[in-house]
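*Asks:* So here's input19.csv (CSV, C-alpha atoms).
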```csv
chain,number,residue,atom,x,y,z
A,1,MET,CA,88.2,100.1,128.9
A,2,SER,CA,88.0,102.5,131.8
A,3,ASP,CA,88.8,101.5,135.4
A,4,ILE,CA,85.0,101.6,136.2
A,5,GLY,CA,84.2,99.4,133.2
A,6,ALA,CA,87.0,97.0,134.1
A,7,ASP,CA,85.7,96.8,137.7
A,8,LYS,CA,82.1,96.2,136.6
A,9,ASN,CA,83.3,93.5,134.2
A,10,ALA,CA,85.4,91.8,136.9
A,11,ALA,CA,82.6,91.8,139.5
A,12,TYR,CA,80.1,90.4,136.9
A,13,ILE,CA,82.4,87.6,135.9
A,14,THR,CA,83.0,86.7,139.6
A,15,THR,CA,79.3,86.6,140.3
A,16,TYR,CA,78.3,84.7,137.2
A,17,SER,CA,80.8,81.9,137.6
A,18,PRO,CA,80.4,78.5,135.9
A,19,SER,CA,79.5,76.9,139.2
A,20,PHE,CA,76.8,79.5,139.9
A,21,LEU,CA,75.3,79.2,136.4
A,22,THR,CA,75.4,75.4,136.5
A,23,HIS,CA,74.2,74.6,140.0
A,24,ILE,CA,72.4,77.6,141.3
A,25,TYR,CA,70.9,80.0,138.8
A,26,ASP,CA,68.0,78.1,137.4
A,27,ARG,CA,66.8,76.7,140.6
A,28,TYR,CA,67.3,79.7,142.9
A,29,VAL,CA,67.0,82.8,140.6
A,30,LEU,CA,64.4,81.5,138.0
A,31,GLY,CA,62.7,79.3,140.6
A,32,PHE,CA,62.6,80.6,144.1
A,33,ASN,CA,63.2,84.3,143.4
A,34,MET,CA,60.9,84.8,140.5
A,35,SER,CA,58.0,82.9,142.0
A,36,ILE,CA,58.3,83.6,145.7
A,37,MET,CA,60.2,86.9,146.0
A,38,TRP,CA,59.2,88.8,142.9
A,39,GLY,CA,55.8,87.3,142.4
A,40,CYS,CA,56.3,86.6,138.6
A,41,PRO,CA,56.6,82.9,137.9
A,42,VAL,CA,58.8,81.8,135.0
A,43,GLU,CA,56.6,78.9,133.7
A,44,SER,CA,53.2,80.6,133.7
A,45,ILE,CA,54.3,84.2,132.9
A,46,LEU,CA,57.8,84.9,131.7
A,47,LEU,CA,58.4,81.9,129.4
A,48,PRO,CA,55.1,82.4,127.5
A,49,PHE,CA,55.9,86.1,127.2
A,50,PHE,CA,59.4,85.3,125.9
A,51,SER,CA,58.2,82.7,123.5
A,52,GLU,CA,55.4,84.8,121.9
A,53,ASN,CA,58.0,87.5,121.1
A,54,PHE,CA,60.8,85.1,119.9
A,55,SER,CA,61.4,85.2,116.1
A,56,ARG,CA,63.5,83.2,113.7
A,57,ASN,CA,66.1,86.0,113.8
A,58,HIS,CA,66.6,86.9,117.4
A,59,LEU,CA,69.0,88.7,119.7
A,60,ASP,CA,69.0,87.8,123.4
A,61,VAL,CA,70.8,90.3,125.6
A,62,GLY,CA,71.9,89.2,129.1
A,63,VAL,CA,71.7,85.5,128.6
A,64,ALA,CA,72.5,83.9,132.0
A,65,THR,CA,72.1,80.1,131.5
A,66,GLY,CA,70.2,80.4,128.2
A,67,TYR,CA,67.1,79.1,129.8
A,68,PHE,CA,64.6,81.2,127.8
A,69,PRO,CA,65.8,80.7,124.2
A,70,ALA,CA,66.6,77.0,124.9
A,71,ALA,CA,63.1,76.4,126.3
A,72,ALA,CA,61.5,78.2,123.4
A,73,LEU,CA,63.6,76.2,120.9
A,74,ALA,CA,62.9,72.9,122.6
A,75,ARG,CA,59.3,72.9,121.6
A,76,PRO,CA,58.7,70.2,119.0
A,77,PHE,CA,57.7,72.5,116.2
A,78,ARG,CA,60.8,74.7,116.7
A,79,ARG,CA,63.5,72.1,117.5
A,80,ASP,CA,64.5,71.2,113.9
A,81,SER,CA,63.7,74.6,112.3
A,82,LYS,CA,66.3,77.0,111.0
A,83,GLN,CA,67.0,79.6,113.7
A,84,HIS,CA,69.3,82.6,113.7
A,85,LEU,CA,70.2,83.4,117.3
A,86,THR,CA,72.7,85.9,118.6
A,87,LEU,CA,73.6,85.8,122.3
A,88,LEU,CA,75.1,89.0,123.9
A,89,ASP,CA,76.5,89.2,127.4
A,90,LEU,CA,79.0,91.2,129.4
A,91,GLY,CA,81.0,88.1,130.3
A,92,PRO,CA,82.2,84.9,128.7
A,93,ASN,CA,80.8,82.4,131.3
A,94,PRO,CA,77.1,83.0,130.5
A,95,LEU,CA,77.8,83.0,126.8
A,96,ARG,CA,79.5,79.6,127.1
A,97,ALA,CA,76.7,78.2,129.3
A,98,ALA,CA,73.9,79.6,127.1
A,99,SER,CA,75.3,78.5,123.8
A,100,ALA,CA,75.9,75.0,125.0
A,101,ARG,CA,72.4,74.8,126.3
A,102,VAL,CA,70.8,76.1,123.1
A,103,LEU,CA,72.8,73.8,120.9
A,104,SER,CA,71.9,70.8,123.0
A,105,VAL,CA,68.2,71.2,122.2
A,106,ALA,CA,68.3,72.8,118.7
A,107,THR,CA,71.1,71.6,116.6
A,108,ALA,CA,69.9,73.5,113.5
A,109,THR,CA,70.4,76.9,115.2
A,110,GLU,CA,72.8,79.3,113.6
A,111,LEU,CA,74.4,80.7,116.7
A,112,ARG,CA,76.6,83.8,117.3
A,113,CYS,CA,78.0,84.9,120.6
A,114,VAL,CA,79.0,88.6,121.3
A,115,GLU,CA,80.7,89.9,124.4
A,116,ALA,CA,79.5,93.5,125.0
A,117,ASP,CA,78.1,95.9,127.5
A,118,VAL,CA,74.4,96.9,127.1
A,119,THR,CA,75.1,100.4,128.5
A,120,GLU,CA,77.5,101.1,125.6
A,121,PRO,CA,76.6,101.4,121.9
A,122,PRO,CA,76.2,98.0,120.1
A,123,PRO,CA,79.7,96.6,119.3
A,124,ASP,CA,81.3,96.4,115.8
A,125,GLU,CA,80.3,92.7,115.5
A,126,LEU,CA,76.7,93.8,115.2
A,127,ARG,CA,77.2,96.7,112.9
A,128,GLY,CA,74.7,96.3,110.0
A,129,SER,CA,72.8,93.6,111.8
A,130,ARG,CA,69.0,93.7,112.0
A,131,PHE,CA,66.9,91.5,114.2
A,132,ASP,CA,63.2,90.7,114.1
A,133,SER,CA,63.1,90.4,117.9
A,134,ILE,CA,65.4,91.4,120.8
A,135,SER,CA,64.9,90.2,124.4
A,136,MET,CA,66.4,91.8,127.6
A,137,PHE,CA,65.2,89.5,130.3
A,138,ASN,CA,66.3,89.9,133.9
A,139,LEU,CA,69.0,92.3,132.8
A,140,PHE,CA,68.6,95.9,134.0
A,141,HIS,CA,68.2,95.1,137.7
A,142,CYS,CA,71.8,93.7,137.6
A,143,VAL,CA,73.2,96.7,135.8
A,144,PRO,CA,74.7,99.7,137.7
A,145,GLY,CA,74.3,103.2,136.5
A,146,GLY,CA,71.0,104.6,137.8
A,147,LYS,CA,68.4,105.8,135.3
A,148,ALA,CA,71.2,106.2,132.7
A,149,LYS,CA,71.4,102.4,132.2
A,150,PHE,CA,68.1,102.3,130.5
A,151,ARG,CA,69.7,104.1,127.5
A,152,GLY,CA,70.4,100.5,126.5
A,153,LEU,CA,66.8,100.4,125.3
A,154,ALA,CA,67.5,103.4,123.1
A,155,THR,CA,70.8,102.3,121.6
A,156,PHE,CA,69.8,98.7,120.9
A,157,LYS,CA,66.6,99.8,119.1
A,158,GLY,CA,68.8,100.5,116.1
A,159,LEU,CA,69.3,96.8,115.7
A,160,LEU,CA,65.6,96.1,115.1
A,161,SER,CA,64.1,95.4,111.7
A,162,GLU,CA,61.3,97.7,110.6
A,163,ASN,CA,58.6,95.5,112.1
A,164,GLY,CA,60.7,94.1,114.9
A,165,VAL,CA,59.8,93.9,118.6
A,166,LEU,CA,61.9,94.5,121.7
A,167,CYS,CA,60.7,92.8,124.9
A,168,GLY,CA,62.0,92.2,128.4
A,169,CYS,CA,61.6,92.2,132.1
A,170,THR,CA,63.3,93.7,135.1
A,171,VAL,CA,62.9,93.6,138.9
A,172,LEU,CA,61.8,97.1,140.1
A,173,GLY,CA,63.2,98.8,143.1
A,174,ASN,CA,62.0,99.4,146.7
A,175,ALA,CA,59.2,101.8,145.8
A,176,HIS,CA,57.5,98.8,144.1
A,177,ALA,CA,58.2,96.2,146.8
A,178,ALA,CA,55.0,94.2,147.6
A,179,ASN,CA,55.7,93.8,151.3
A,180,TRP,CA,58.3,94.4,154.0
A,181,PHE,CA,60.0,91.1,153.2
A,182,THR,CA,60.5,91.9,149.6
A,183,SER,CA,61.9,95.3,150.6
A,184,LYS,CA,64.4,93.7,153.0
A,185,TYR,CA,65.4,91.3,150.2
A,186,LEU,CA,66.0,94.2,147.8
A,187,TRP,CA,68.1,96.0,150.5
A,188,LEU,CA,70.2,92.8,151.0
A,189,TYR,CA,70.8,92.3,147.3
A,190,ASN,CA,71.6,96.0,146.7
A,191,LYS,CA,73.4,97.2,149.8
A,192,GLN,CA,75.0,94.1,151.3
A,193,LEU,CA,75.6,91.6,148.5
A,194,GLN,CA,75.7,94.3,145.7
A,195,VAL,CA,74.6,91.8,143.1
A,196,PHE,CA,71.6,94.1,142.2
A,197,HIS,CA,71.7,97.7,141.3
A,198,ASN,CA,68.0,98.5,141.2
A,199,TYR,CA,67.1,99.9,144.7
A,200,ASP,CA,65.8,103.1,143.2
A,201,ASP,CA,64.5,101.8,139.8
A,202,ARG,CA,61.0,102.8,139.1
A,203,LYS,CA,58.5,101.8,136.4
A,204,GLU,CA,58.4,105.4,135.2
A,205,ASP,CA,62.2,105.3,134.5
A,206,VAL,CA,61.7,102.4,132.0
A,207,LEU,CA,58.5,103.8,130.6
A,208,GLU,CA,60.1,107.2,129.9
A,209,VAL,CA,62.8,105.7,127.7
A,210,LEU,CA,60.4,103.3,125.9
A,211,GLU,CA,57.9,106.0,125.1
A,212,ARG,CA,60.5,108.4,123.8
A,213,GLU,CA,62.1,105.8,121.5
A,214,PHE,CA,59.2,103.7,120.3
A,215,GLU,CA,55.8,104.4,118.7
A,216,GLU,CA,54.1,101.4,120.4
A,217,VAL,CA,54.8,100.5,124.0
A,218,GLU,CA,53.1,98.0,126.3
A,219,THR,CA,54.1,97.4,130.0
A,220,TRP,CA,52.8,95.3,132.8
A,221,VAL,CA,53.8,95.2,136.5
A,222,ILE,CA,53.4,91.7,138.0
A,223,GLY,CA,54.5,91.5,141.6
A,224,THR,CA,57.8,93.4,141.7
A,225,MET,CA,58.6,92.6,138.1
A,226,MET,CA,58.0,94.9,135.1
A,227,LEU,CA,57.4,93.4,131.7
A,228,PHE,CA,57.7,95.5,128.6
A,229,ARG,CA,57.2,95.2,124.9
A,230,ALA,CA,58.0,97.9,122.3
A,231,LYS,CA,57.5,98.2,118.5
A,232,LYS,CA,58.1,100.7,115.7
A,233,PRO,CA,61.3,102.5,116.7
A,234,LYS,CA,61.1,106.2,116.3
A,235,LYS,CA,63.3,107.6,113.6
A,236,THR,CA,65.2,110.1,115.8
A,237,PRO,CA,68.9,110.5,116.6
A,238,VAL,CA,70.0,108.6,119.7
A,239,ASP,CA,72.1,110.5,122.2
A,240,VAL,CA,74.5,108.0,123.7
A,241,GLN,CA,76.9,110.5,125.4
```
Give the structure from the file, written as structure tokens.
*Replies:*
Amino acid sequence: MSDIGADKNAAYITTYSPSFLTHIYDRYVLGFNMSIMWGCPVESILLPFFSENFSRNHLDVGVATGYFPAAALARPFRRDSKQHLTLLDLGPNPLRAASARVLSVATATELRCVEADVTEPPPDELRGSRFDSISMFNLFHCVPGGKAKFRGLATFKGLLSENGVLCGCTVLGNAHAANWFTSKYLWLYNKQLQVFHNYDDRKEDVLEVLEREFEEVETWVIGTMMLFRAKKPKKTPVDVQ
């Protein structure tokens, strides 16, 4: 691993500590931030969007506390059904938190955890794997790398089955801020706290990659949040250099 990669990994592990995931993430990030700051509530928008694109053979990338797959699996008609779920994250703390949460509500789940970087090609553990759905929720606004980070949408499309769907959401940058307070909040997260890396992220950056790599693309901007869904990966070589 390069020094840059090691630094990124260390910073991520420090931020997503067990204490933060256990006591703060759901209430502050999924509660206050999504509803009040980004204008895209979890319960009425993000969870239904996740659930309608959640298959029996699913890969969740950037898992945090595992809220979304656990909530989808906690529904009565899913709880005792056979589920293949792979969790992928840069650090071990979210993987531990998410796997424990999923298994606490859906004991029949066949679960696999993979530690990997979304900006790199899929790891060897996933070689030959195909998923009917892949989710990338609240991921890219936390990933450094400018526009290049959205290549993760291209490299991971190779893990989709023929009729699979890739969906996700990301907080857009300052150009999409709804008001001065949201703009100041983005500045704080990017420039001071450095827990976000999305100050210059634009809808067009995400859309460009999606439309290049998929035949069918849908996007929505709700508040400062962009939701996306893509199907039918194009059969073209992927440049990951």
*Asks:* Tell me which of A:Asn179, A:Thr170, A:Asn57, A:Gln194 sits closest to Val206 (chain A), counting all atoms listed in the file.
*Replies:*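 Among the listed residues, A:Thr170 lies closest to Val206 (chain A).
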*Asks:* Looking at A:Pro94, A:Val171, A:Glu115, A:Gly62, which one is nearest to Phe20 (chain A), with distances taken over all atoms listed in the file?
*Replies:*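 Counting all atoms listed in the file, the residue closest to Phe20 (chain A) is A:Pro94.
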*Asks:* Ranking A:Arg101, A:Arg75, A:Lys82, A:Arg56 by minimum distance to Arg130 (chain A) and counting all atoms listed in the file, which one comes first?
*Replies:*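 Looking at the shortest contact to Arg130 (chain A), the residue is A:Arg56.
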*Asks:* Pick the closest to Ile222 (chain A) from A:Ser135, A:Thr86, A:Thr109, A:Ser35: which is it, counting all atoms listed in the file?
*Replies:*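 So, comparing all the options, the nearest one is A:Ser35.
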*Asks:* With distances taken over all atoms listed in the file, which residue among A:Leu227, A:Val102, A:Glu110, A:Pro233 lies nearest Ile45 (chain A)?
*Replies:* A:Leu227
*Asks:* Can you sort out the box for region 62-77 of chain A, edges along x, y and z, all listed atoms in, 3 Å on every side, with centre and edge lengths in Å to one decimal, as AutoDock Vina command-line options?
*Replies:*
```
--center_x 65.1 --center_y 79.7 --center_z 124.1 --size_x 20.8 --size_y 25.0 --size_z 21.8
```
*Asks:* Identify which of the residues A:Ile13, A:Leu160, A:Leu207, A:Leu103 lies closest to Leu90 (chain A), counting all atoms listed in the file when measuring atom-to-atom distances.
*Replies:*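 Checking each candidate against Leu90 (chain A), we get A:Ile13 as the closest.
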*Asks:* Within 12 Å of Tyr25 (chain A), counting all atoms listed in the file, which residues show up once you throw out same-chain ones fewer than 5 positions away? Write them as a ChimeraX atom specification, please.
*Replies:* /A:15-20,30-34,63-67,94,97,138
*Asks:* Mind giving me the straight-line distance from CA of Ala178 (chain A) to CA of Val217 (chain A) in Å, one decimal?
*Replies:*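 Going from CA of Ala178 (chain A) over to CA of Val217 (chain A) covers 24.4 Å.
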*Asks:* Tell me which protein, DNA and RNA residues are within 9 Å of Asp117 (chain A), counting all atoms listed in the file, leaving out same-chain ones fewer than 5 positions away, and put them as a PyMOL selection string.
*Replies:* chain A and resi 9+88-91+122-123
*Asks:* Write the residues of the selection above to a file with C-alpha atoms, as a PDB file, keeping the file's coordinate frame.
*Replies:*
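Result saved to again_8.pdb:
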```pdb
ATOM      1  CA  ASN A   9      83.300  93.500 134.200  1.00  0.00           C
ATOM      2  CA  LEU A  88      75.100  89.000 123.900  1.00  0.00           C
ATOM      3  CA  ASP A  89      76.500  89.200 127.400  1.00  0.00           C
ATOM      4  CA  LEU A  90      79.000  91.200 129.400  1.00  0.00           C
ATOM      5  CA  GLY A  91      81.000  88.100 130.300  1.00  0.00           C
ATOM      6  CA  PRO A 122      76.200  98.000 120.100  1.00  0.00           C
ATOM      7  CA  PRO A 123      79.700  96.600 119.300  1.00  0.00           C
TER       8      PRO A 123
END
```
*Asks:* Could you list, as a list in words, every residue within 10 Å of Val209 (chain A), counting only C-alpha atoms and ignoring same-chain residues fewer than 6 positions away?
*Replies:*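 My reading of the contact set: Lys147, Ala148, Phe150, Arg151, Gly152, Leu153 and Ala154 of chain A.
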*Asks:* In Å to one decimal, how far is CA of Asp60 (chain A) from CA of Asn93 (chain A)?
*Replies:*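 Taking CA of Asn93 (chain A) as the start and CA of Asp60 (chain A) as the end point, the length is 15.2 Å.
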*Asks:* What is the CA of Ser104 (chain A) to CA of Ala70 (chain A) distance in Å?
*Replies:*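 Interatomic distance, CA of Ser104 (chain A) to CA of Ala70 (chain A): 8.4 Å.
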